[in-house]
Amino acid sequence: MKKVLSIAGSDCSGGAGIQADLKTFSAHGVFGMSVIVSVVAENTSRVIDIQDVKPDMIEKQIDAIFEDIDVDAVKVGMLSQPDCMKAVAEKLKQYAPANVVIDPVMYAKNGCPLMNPGAIDTLIKTVLPLADLLTPNIPEAEKIAGIEINNVEDMKKSAVEIYKMGCKNVLVKGGHATGNALDILFDGNKFYSFDAQRIETKNTHGTGCTYSSAIASNLALGFELQEAVHRAKEYVTIAIQHSLSIGKGNGPTHHFYELYKNGLKK
Ligand SMILES: Nc1ncnc2c1ncn2[C@@H]1O[C@H](COP(=O)(O)OP(=O)(O)OP(=O)(O)O)[C@@H](O)[C@H]1O
Ligand SMILES: Cc1ncc(CO)c(N)n1
């Protein structure tokens, strides 16, 4: 059994964060584990409050896992403050796990902030260089690269700028664009496109968490990066097609094993 760890925030409403990650891991047939960095009181409409776990406790959770269990891949999600970022980065350096996918979460789908904007320098200097794959959405790529993104060429430009900051691969996600849901992967040499028809739905809470966790699962299962992203793109597209009208805001993606088992067909 492959073992995948999520280091992220808890979304009590179950659609994003650690909860989405664990559901995605199960649907991929890998064993999911979690280090909770922040407890977020949120739902499909709003973020009410965030309480960060103390850095010492974040470190102890990571120690508890790595002293006991071989980890095949790690997904890192919401890190709200510089202290949490430093704690996670130190431990990732210490244990140096394979297949680290980092989703630089800044805002929830409903626009509520999940990262202190003053933490972006720490994110770039301390966390970003530890990523085998960094998966910013368009607003996140704009903030990290410091450029405006209006088209696919701009997505590519931002990917190159972010790559130069020290991560091994960059996947700029096009969920916030118009037209097809097109994502651009840059591996330092070439660009690869992952395209899907845009699904007309407001239920896209947790799509980014689902996607990065699916990629981490596929890497743990032994797929090369391009194939891991390709399969994860299919998974997230189907999870959005079947997304649920739960709550009054942006409902969550749906994870069900039958879909995956039957070759990701609708
Ligand atoms: N309406 C949609 N139809 C099809 N694919 C979509 C749609 N919205 C997002 N996607 C895809 O979902 C994946 C996640 O991208 P997105 O840009 O939504 O992430 P995100 O903003 O980080 O998500 P979140 O912060 O809500 O977890 C990408 O592959 C993107 O292209
Ligand atoms: C805890 C958490 N992580 C990530 C996201 C981004 O969707 C969210 N809404 N909540």
# chains A, B, ... in the order shown; residues from 1 in each chain; ligands from 1

$ residues_near_ligand --ligand "ligand 2" --cutoff "8 Å" --atoms "only C-alpha atoms and all ligand atoms" --output "ChimeraX atom specification"
/A:8-11,15-18,38-40,42,47,77-78,105-109,114,205-209

$ write_last_selection --atoms "C-alpha atoms" --output "PDB file, in the first residue's frame"
ATOM      1  CA  ALA A   8      -2.602  21.387   5.260  1.00  0.00           C
ATOM      2  CA  GLY A   9      -5.525  23.148   6.904  1.00  0.00           C
ATOM      3  CA  SER A  10      -8.732  21.516   8.119  1.00  0.00           C
ATOM      4  CA  ASP A  11     -11.954  22.550   6.342  1.00  0.00           C
ATOM      5  CA  GLY A  15     -15.006  20.171   0.748  1.00  0.00           C
ATOM      6  CA  ALA A  16     -11.431  21.421   0.741  1.00  0.00           C
ATOM      7  CA  GLY A  17      -8.212  21.170   2.760  1.00  0.00           C
ATOM      8  CA  ILE A  18      -7.250  18.012   4.642  1.00  0.00           C
ATOM      9  CA  SER A  38      -4.527  25.255  10.807  1.00  0.00           C
ATOM     10  CA  VAL A  39      -8.072  24.667  11.947  1.00  0.00           C
ATOM     11  CA  VAL A  40     -10.348  26.702   9.689  1.00  0.00           C
ATOM     12  CA  GLU A  42     -15.305  27.702   7.054  1.00  0.00           C
ATOM     13  CA  VAL A  47     -14.253  31.677   6.206  1.00  0.00           C
ATOM     14  CA  GLY A  77      -1.683  22.870   1.191  1.00  0.00           C
ATOM     15  CA  MET A  78      -2.691  25.923   3.247  1.00  0.00           C
ATOM     16  CA  VAL A 105      -3.098  28.238  -1.205  1.00  0.00           C
ATOM     17  CA  MET A 106      -3.861  31.964  -0.729  1.00  0.00           C
ATOM     18  CA  TYR A 107      -7.662  32.349  -1.024  1.00  0.00           C
ATOM     19  CA  ALA A 108     -10.726  30.115  -0.766  1.00  0.00           C
ATOM     20  CA  LYS A 109     -13.020  29.888  -3.841  1.00  0.00           C
ATOM     21  CA  LEU A 114      -6.302  31.827   3.818  1.00  0.00           C
ATOM     22  CA  HIS A 205     -14.895  24.423  -3.671  1.00  0.00           C
ATOM     23  CA  GLY A 206     -11.761  22.329  -3.159  1.00  0.00           C
ATOM     24  CA  THR A 207     -10.891  21.699  -6.800  1.00  0.00           C
ATOM     25  CA  GLY A 208      -7.275  22.735  -6.243  1.00  0.00           C
ATOM     26  CA  CYS A 209      -6.925  20.515  -3.157  1.00  0.00           C
TER      27      CYS A 209
END

$ select_by_dssp --residues "range 127-235 of chain A" --states "strand (DSSP E or B)" --output "PyMOL selection string"
chain A and resi 133-134+137+170-173+181-186+191-196+205

$ residues_near_ligand --ligand "ligand 1" --cutoff "6 Å" --atoms "only C-alpha atoms and all ligand atoms" --output "JSON list (two decimals) with C-alpha atoms, in the first residue's frame"
[["chain", "number", "residue", "atom", "x", "y", "z"],
["A", 108, "ALA", "CA", -10.73, 30.11, -0.77],
["A", 109, "LYS", "CA", -13.02, 29.89, -3.84],
["A", 137, "ASN", "CA", -3.88, 28.94, -9.64],
["A", 173, "LYS", "CA", -3.95, 26.04, -13.18],
["A", 174, "GLY", "CA", -6.47, 27.79, -15.40],
["A", 175, "GLY", "CA", -9.59, 27.36, -13.26],
["A", 176, "HIS", "CA", -9.88, 31.16, -12.92],
["A", 181, "ALA", "CA", -10.03, 24.72, -18.19],
["A", 182, "LEU", "CA", -6.44, 24.72, -19.45],
["A", 183, "ASP", "CA", -3.45, 24.11, -17.16],
["A", 197, "GLN", "CA", -13.98, 21.51, -21.24],
["A", 198, "ARG", "CA", -15.11, 24.06, -18.65],
["A", 199, "ILE", "CA", -18.02, 22.71, -16.62],
["A", 200, "GLU", "CA", -20.73, 25.27, -15.91],
["A", 201, "THR", "CA", -21.08, 24.98, -12.16],
["A", 204, "THR", "CA", -15.82, 24.23, -7.37],
["A", 205, "HIS", "CA", -14.90, 24.42, -3.67],
["A", 206, "GLY", "CA", -11.76, 22.33, -3.16],
["A", 207, "THR", "CA", -10.89, 21.70, -6.80],
["A", 208, "GLY", "CA", -7.28, 22.73, -6.24],
["A", 209, "CYS", "CA", -6.92, 20.52, -3.16],
["A", 211, "TYR", "CA", -6.11, 18.12, -8.02],
["A", 233, "LYS", "CA", -6.73, 16.24, -14.53],
["A", 236, "VAL", "CA", -10.61, 16.46, -10.97],
["A", 237, "THR", "CA", -12.70, 17.03, -14.10]]

$ select_by_dssp --residues "range 100-264 of chain A" --states "helix (DSSP H, G or I)" --output "NGL selection string"
:A and (117-130 or 138-145 or 152-164 or 207-220 or 225-241 or 257-261)

$ write_last_selection --atoms "C-alpha atoms" --output "compact mmCIF listing (two decimals), in the first residue's frame"
# COMPACT_ATOMS: atom_id res chain seq x y z
CA PRO A 117 -0.34 38.41 2.35
CA GLY A 118 2.77 39.44 4.32
CA ALA A 119 3.91 35.80 4.28
CA ILE A 120 4.54 35.65 0.53
CA ASP A 121 8.29 36.30 0.86
CA THR A 122 8.65 33.41 3.31
CA LEU A 123 6.56 31.22 1.01
CA ILE A 124 8.84 32.01 -1.92
CA LYS A 125 12.16 31.76 -0.07
CA THR A 126 11.46 28.91 2.35
CA VAL A 127 8.70 26.69 0.98
CA LEU A 128 8.74 27.00 -2.81
CA PRO A 129 12.27 25.55 -3.32
CA LEU A 130 11.17 22.32 -1.61
CA ILE A 138 -3.84 32.12 -11.75
CA PRO A 139 -4.17 34.67 -8.89
CA GLU A 140 -1.48 32.79 -6.91
CA ALA A 141 0.85 32.64 -9.94
CA GLU A 142 0.35 36.40 -10.42
CA LYS A 143 1.31 37.12 -6.81
CA ILE A 144 4.34 34.78 -6.79
CA ALA A 145 5.69 35.77 -10.23
CA VAL A 152 -1.97 31.46 -22.01
CA GLU A 153 1.28 33.22 -22.94
CA ASP A 154 1.16 35.02 -19.58
CA MET A 155 0.53 31.68 -17.81
CA LYS A 156 3.69 30.35 -19.49
CA LYS A 157 5.67 33.46 -18.55
CA SER A 158 4.62 33.15 -14.92
CA ALA A 159 5.54 29.44 -14.93
CA VAL A 160 9.06 30.29 -16.14
CA GLU A 161 9.48 33.03 -13.51
CA ILE A 162 8.27 30.71 -10.73
CA TYR A 163 10.51 27.88 -11.95
CA LYS A 164 13.49 30.23 -11.64
CA THR A 207 -10.89 21.70 -6.80
CA GLY A 208 -7.28 22.73 -6.24
CA CYS A 209 -6.92 20.52 -3.16
CA THR A 210 -8.44 17.60 -5.06
CA TYR A 211 -6.11 18.12 -8.02
CA SER A 212 -2.85 18.39 -6.05
CA SER A 213 -3.79 15.37 -3.91
CA ALA A 214 -4.61 13.34 -7.01
CA ILE A 215 -1.22 14.26 -8.50
CA ALA A 216 0.55 13.28 -5.25
CA SER A 217 -1.35 9.96 -5.21
CA ASN A 218 -0.38 9.21 -8.80
CA LEU A 219 3.28 10.03 -8.11
CA ALA A 220 3.17 7.70 -5.08
CA LEU A 225 4.98 13.52 -13.61
CA GLN A 226 3.23 14.14 -16.95
CA GLU A 227 1.16 10.98 -16.63
CA ALA A 228 0.43 11.76 -12.96
CA VAL A 229 -0.89 15.22 -13.94
CA HIS A 230 -2.83 13.82 -16.92
CA ARG A 231 -4.62 11.27 -14.72
CA ALA A 232 -5.23 13.84 -11.97
CA LYS A 233 -6.73 16.24 -14.53
CA GLU A 234 -9.19 13.51 -15.55
CA TYR A 235 -9.95 12.82 -11.91
CA VAL A 236 -10.61 16.46 -10.97
CA THR A 237 -12.70 17.03 -14.10
CA ILE A 238 -14.96 14.10 -13.22
CA ALA A 239 -15.03 15.17 -9.56
CA ILE A 240 -16.29 18.61 -10.75
CA GLN A 241 -18.79 17.03 -13.19
CA TYR A 257 -14.20 5.09 -5.87
CA GLU A 258 -16.45 3.52 -8.51
CA LEU A 259 -15.51 6.27 -10.94
CA TYR A 260 -11.85 5.70 -10.45
CA LYS A 261 -12.06 1.93 -10.53

$ closest_residue --among "A:Ile246, A:Ala89, A:Ile149, A:Met165" --to "Ala177 in chain A" --atoms "only C-alpha atoms"
A:Ile149
